[in-house]
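What follows is a short report on a single structure.
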Amino acid sequence: MRLIIALGGNALMQRGDPLDPAAQRRNLAIAAEALVPILHLHQAIITHGNGPQVGLLGLQSAALGGPETPLDVLGAESEGMIGYVLEQELASRLQPSHAGTTRKMAVLLSQTIVDAKDPAFNAPAKPIGPVYDEATAHRLASERKWTVAEDGQFWRRVVASPAPLRVLEIETIRLLVDAGVIVICAGGGGVPVVQSPDGTITGVEAVIDKDAASALLAVELGADILMMLTDVSAVMTDFGTPKERALKCATPKGLSQLTFARGSMGPKIAAAVTMARAGKIAAIGALADASRLLEGTAGTTILPDGKCPDLTWW
């Protein structure tokens with residue numbers, strides 16, 4: 001099967017972790033261990049989030065005392081940084097095939113076209129960077145002209161997250177995938193850019209949702225399954241309350257009856273619905289359960305309407 005495997009930024013950097021090379025490599029090594037059994041059996045395109053990393057890179061930039069580095073440049077930095085280490089960790093674990101050759105891999109810096117007039121630019125909602133208590137978050141918002149919002153029990157900086165329209169490098173990705181290459185691309189949803197009528201490409205101050213970009217790639221590349229691997233075991237209804245339950249299977253019709261957080265699970269649900277409406281499958285669950293998620297024995301599977309009961313629970 002052809003898979004899009006979307007690694008959540010929070011699965012690659014645990015809450016509270018510093019932007020420390022050793023910690024990042026340790027987390028990416030864990031991700032590689034979880035993915036290798038799947039990569040031996042299936043054709044895969046790997047995407048990843050960058051919310052924690054891009055925010056921490058921005059803090060490092062601000063600490064130097066000069067002008068803040070634009071978010072599109074920070075996105076490119078994080079895309080290269082994460083892709084580089086992930087490729088190394090995967091390559092060290094992928095055994096030679098029966099023909100005696102190793103799997104080919106490529107990390108591709110990706111740019112994603114957005115609409116300069118997207119209303120998301122006027123309503124920042126995508127969390128980036130570390131978590132803060134409420135008082136610290138509001139102090140930093142005042143000092144640095146940030147927008148902040150609640151993220152579970154904590155607060156985080158939020159930025160614009162316009163809808164991805166097209167991955168500029170889509171044909172290059174297609175060429176590599178068709179040649180059997182494991183492609184790591186669209187990190188952080190891709191570097192957000194706009195294209196003027198004369199073809200000029202310009203970066204914009206935003207972060208693209210990785211799951212939305214992954215769904216776009218999945219449809220364009222004809223993927224069978226979009227796997228979204230994160231730091232929770234499944235999609236939860238009534239999350240954080242005594243009524244909390246884990247969804248086992250759902251359809252777009254069933255999911256339309258529920259409400260999910262805009263900046264976290266909401267985008268994953270939207271991406272899953274995009275896949276299901278295209279007649280394909282999406283799955284959401286924990287990185288550690290990647291193989292079981294693919295088998296349907298863990299996490300949440302989202303199928304087209306009529307392919308399973310609208311909502312079922314574990």
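Just remember, in the structure tokens the first chain shown is A, the second B, etc., residues are 1-based per chain, and ligands are 1-based in the order shown.
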
Please report as JSON lines every residue of stretch 251-306 of chain A lying within 12 Å of stretch 160-166 of chain A, along with the nearest atom pair and their distance in Å (one decimal), using only C-alpha atoms.
```
{"residue": "A:Arg262", "atom": "CA", "partner": "A:Ser161", "partner_atom": "CA", "distance": 10.9}
{"residue": "A:Gly263", "atom": "CA", "partner": "A:Ser161", "partner_atom": "CA", "distance": 9.4}
{"residue": "A:Pro267", "atom": "CA", "partner": "A:Ser161", "partner_atom": "CA", "distance": 10.4}
{"residue": "A:Ala270", "atom": "CA", "partner": "A:Ala163", "partner_atom": "CA", "distance": 11.3}
{"residue": "A:Ala271", "atom": "CA", "partner": "A:Ala163", "partner_atom": "CA", "distance": 11.3}
```

Output N, CA and C atoms of each residue in that selection to a file, as a PDB file, in the first residue's frame.
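Final output, out_16.pdb:
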```pdb
ATOM      1  N   ARG A 262      -9.843  23.418  17.943  1.00  0.00           N
ATOM      2  CA  ARG A 262      -9.405  23.985  16.661  1.00  0.00           C
ATOM      3  C   ARG A 262      -7.911  23.804  16.423  1.00  0.00           C
ATOM      4  N   GLY A 263      -7.112  23.976  17.460  1.00  0.00           N
ATOM      5  CA  GLY A 263      -5.671  24.002  17.241  1.00  0.00           C
ATOM      6  C   GLY A 263      -4.967  22.680  17.395  1.00  0.00           C
ATOM      7  N   PRO A 267      -7.794  19.919  13.357  1.00  0.00           N
ATOM      8  CA  PRO A 267      -7.179  19.766  12.039  1.00  0.00           C
ATOM      9  C   PRO A 267      -6.996  18.309  11.612  1.00  0.00           C
ATOM     10  N   ALA A 270     -10.345  17.132  10.369  1.00  0.00           N
ATOM     11  CA  ALA A 270     -10.609  17.708   9.043  1.00  0.00           C
ATOM     12  C   ALA A 270      -9.831  16.965   7.966  1.00  0.00           C
ATOM     13  N   ALA A 271      -8.561  16.633   8.249  1.00  0.00           N
ATOM     14  CA  ALA A 271      -7.745  15.895   7.282  1.00  0.00           C
ATOM     15  C   ALA A 271      -8.301  14.491   7.060  1.00  0.00           C
TER      16      ALA A 271
END
```

Every residue of stretch 41-77 of chain A that DSSP places in helix (DSSP H, G or I), as a VMD selection string: chain A and resid 51 to 63 71 to 77

Keeping only C-alpha atoms, write the selected residues as an mmCIF file, in the first residue's frame.
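Saved as result07.cif:
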```cif
data_model
loop_
_atom_site.group_PDB
_atom_site.id
_atom_site.type_symbol
_atom_site.label_atom_id
_atom_site.label_comp_id
_atom_site.auth_asym_id
_atom_site.auth_seq_id
_atom_site.Cartn_x
_atom_site.Cartn_y
_atom_site.Cartn_z
ATOM 1 C CA GLY A 51 5.050 23.445 16.040
ATOM 2 C CA PRO A 52 7.221 22.997 19.144
ATOM 3 C CA GLN A 53 10.460 23.262 17.178
ATOM 4 C CA VAL A 54 9.617 26.344 15.108
ATOM 5 C CA GLY A 55 8.477 28.199 18.207
ATOM 6 C CA LEU A 56 11.652 27.365 20.123
ATOM 7 C CA LEU A 57 13.807 28.346 17.145
ATOM 8 C CA GLY A 58 11.985 31.677 17.171
ATOM 9 C CA LEU A 59 12.808 32.141 20.855
ATOM 10 C CA GLN A 60 16.469 31.418 20.142
ATOM 11 C CA SER A 61 16.417 33.992 17.359
ATOM 12 C CA ALA A 62 14.807 36.622 19.608
ATOM 13 C CA ALA A 63 17.381 35.969 22.346
ATOM 14 C CA LEU A 71 8.223 32.242 10.449
ATOM 15 C CA ASP A 72 8.688 30.960 6.888
ATOM 16 C CA VAL A 73 12.471 30.895 7.375
ATOM 17 C CA LEU A 74 12.073 29.197 10.760
ATOM 18 C CA GLY A 75 9.813 26.664 9.056
ATOM 19 C CA ALA A 76 12.517 25.903 6.503
ATOM 20 C CA GLU A 77 15.113 25.565 9.271
#
```

For A:Glu89, list every protein, DNA or RNA residue within 8 Å, evaluated using only C-alpha atoms, and leave out those in the same chain fewer than 3 positions away; present the list as a ChimeraX atom specification. /A:28-29,32,85-86,92-93

Would you mind exporting the chosen residues as a PDB file, in the first residue's frame, restricted to C-alpha atoms?
```
ATOM      1  CA  LEU A  28      13.319  10.803  16.451  1.00  0.00           C
ATOM      2  CA  ALA A  29      15.039   7.483  17.173  1.00  0.00           C
ATOM      3  CA  ALA A  32      12.165   5.535  13.580  1.00  0.00           C
ATOM      4  CA  VAL A  85      17.979  13.520  11.828  1.00  0.00           C
ATOM      5  CA  LEU A  86      14.932  11.415  10.932  1.00  0.00           C
ATOM      6  CA  SER A  92      20.458   3.043  10.481  1.00  0.00           C
ATOM      7  CA  ARG A  93      17.497   0.742  11.162  1.00  0.00           C
TER       8      ARG A  93
END
```

Using only C-alpha atoms: which of A:Ala6, A:Ala290, A:Gly306, A:Ala116 has the shortest distance to A:Pro37: A:Ala290

Rounded to one decimal in Å, what is the spacing between atom CA of A:Ser233 and atom CA of A:Gly9?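 If I compute the distance from atom CA of A:Ser233 to atom CA of A:Gly9, I get 15.2 Å.
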
What's the 12 Å shell around A:His42, counting only C-alpha atoms, without same-chain residues fewer than 5 positions away, as an MDAnalysis selection string? chainID A and resid 1:5 35:37 103 177 180:182 223:225 291 294

Top pick for closest residue to A:Ala278, considering A:Pro304, A:Gly152, A:Gly254, A:Pro124 and counting only C-alpha atoms: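 Answer, going by the shortest atom-to-atom distance: A:Pro304.
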
From a DSSP pass on the backbone, collect the residues of stretch 71-303 of chain A flagged as strand (DSSP E or B) and hand them back as a ChimeraX atom specification. /A:105-108,111-113,126-132,147-151,154-159,166-167,182-185,191-195,201-203,225-230,236-237,245-250,281-286,300-302

Give me the residues near A:Gly188 as a list in words, where near means some atom within 8 Å (using only C-alpha atoms) and where sequence neighbours in that chain fewer than 2 positions away do not count.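 The residues that qualify are Thr47, His48, Gly49, Asn50, Gly51, Gly75, Ser78, Glu79, Ala186, Gly190, Val191, Val207, Ile208, Asp209 and Lys210 of chain A.
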
Selection export as a JSON list (two decimals), in the first residue's frame, atoms kept: C-alpha atoms:
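Produced file part-v6.json, reproduced below:
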```json
[["chain", "number", "residue", "atom", "x", "y", "z"],
["A", 47, "THR", "CA", 5.55, 14.22, 6.78],
["A", 48, "HIS", "CA", 6.05, 15.80, 10.18],
["A", 49, "GLY", "CA", 4.94, 18.66, 12.38],
["A", 50, "ASN", "CA", 7.20, 21.43, 13.62],
["A", 51, "GLY", "CA", 5.05, 23.44, 16.04],
["A", 75, "GLY", "CA", 9.81, 26.66, 9.06],
["A", 78, "SER", "CA", 12.98, 23.13, 11.24],
["A", 79, "GLU", "CA", 12.08, 21.16, 8.11],
["A", 186, "ALA", "CA", 6.18, 18.81, 3.71],
["A", 190, "GLY", "CA", 5.73, 22.94, 4.08],
["A", 191, "VAL", "CA", 7.16, 26.45, 4.06],
["A", 207, "VAL", "CA", 2.66, 27.99, 9.88],
["A", 208, "ILE", "CA", 0.72, 25.50, 7.76],
["A", 209, "ASP", "CA", -1.08, 22.67, 9.46],
["A", 210, "LYS", "CA", 0.86, 19.49, 8.79]]
```

For a quick check of understanding, using only C-alpha atoms, which of A:Ser142, A:Ile38, A:Glu134, A:Pro309 has the smallest distance to A:Glu295?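 For A:Glu295, the nearest of the candidates is A:Ile38.
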
Between atom CA of A:Ala298 and atom CA of A:Gly285, what is the distance in Å, rounded to a tenth?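 Computing the Euclidean distance for atom CA of A:Ala298 and atom CA of A:Gly285 yields 7.2 Å.
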
For A:Val193, which of A:Ala22, A:Leu226, A:Ala250, A:Val114 is the closest residue, counting only C-alpha atoms? A:Val114

Using only C-alpha atoms, which protein or nucleic acid residues come within 12 Å of A:Leu258? Drop anything in the same chain fewer than 3 positions from it, and give the result as a ChimeraX atom specification. /A:235-239,247,250-255,261,265-266,269-270,310-311

The selected residues should be written to file as a compact mmCIF listing (two decimals), in the first residue's frame (atoms: N, CA and C atoms).
```txt
# COMPACT_ATOMS: atom_id res chain seq x y z
N VAL A 235 -8.62 9.27 19.03
CA VAL A 235 -9.50 10.44 19.09
C VAL A 235 -10.44 10.23 20.28
N MET A 236 -10.50 11.22 21.14
CA MET A 236 -11.34 11.13 22.33
C MET A 236 -12.57 12.02 22.21
N THR A 237 -13.71 11.50 22.62
CA THR A 237 -14.89 12.34 22.79
C THR A 237 -14.94 12.78 24.25
N ASP A 238 -15.45 13.97 24.48
CA ASP A 238 -15.49 14.55 25.84
C ASP A 238 -14.11 14.54 26.48
N PHE A 239 -13.11 14.94 25.69
CA PHE A 239 -11.72 14.89 26.14
C PHE A 239 -11.51 15.68 27.43
N LEU A 247 -12.58 6.84 20.50
CA LEU A 247 -13.27 6.38 19.29
C LEU A 247 -12.48 5.26 18.62
N ALA A 250 -15.02 5.76 12.88
CA ALA A 250 -15.96 6.85 12.64
C ALA A 250 -16.03 7.13 11.15
N THR A 251 -17.06 7.85 10.76
CA THR A 251 -17.25 8.30 9.38
C THR A 251 -17.38 9.82 9.38
N PRO A 252 -17.27 10.45 8.22
CA PRO A 252 -17.51 11.90 8.18
C PRO A 252 -18.86 12.29 8.76
N LYS A 253 -19.89 11.49 8.49
CA LYS A 253 -21.21 11.79 9.02
C LYS A 253 -21.20 11.75 10.55
N GLY A 254 -20.55 10.74 11.12
CA GLY A 254 -20.49 10.64 12.56
C GLY A 254 -19.67 11.75 13.18
N LEU A 255 -18.55 12.07 12.58
CA LEU A 255 -17.68 13.11 13.13
C LEU A 255 -18.33 14.48 13.07
N ALA A 261 -11.11 20.44 19.35
CA ALA A 261 -10.32 21.65 19.54
C ALA A 261 -9.72 22.12 18.22
N MET A 265 -6.76 18.61 17.85
CA MET A 265 -7.41 17.49 17.19
C MET A 265 -8.28 17.93 16.01
N GLY A 266 -8.80 19.14 16.04
CA GLY A 266 -9.65 19.61 14.96
C GLY A 266 -9.04 19.46 13.57
N ILE A 269 -9.00 15.81 12.44
CA ILE A 269 -10.32 15.35 12.03
C ILE A 269 -10.65 15.87 10.63
N ALA A 270 -10.35 17.13 10.37
CA ALA A 270 -10.61 17.71 9.04
C ALA A 270 -9.83 16.97 7.97
N ASP A 310 -21.42 4.96 12.14
CA ASP A 310 -20.97 6.35 12.14
C ASP A 310 -20.02 6.64 13.30
N LEU A 311 -20.27 6.05 14.47
CA LEU A 311 -19.40 6.23 15.63
C LEU A 311 -19.38 4.94 16.44
```
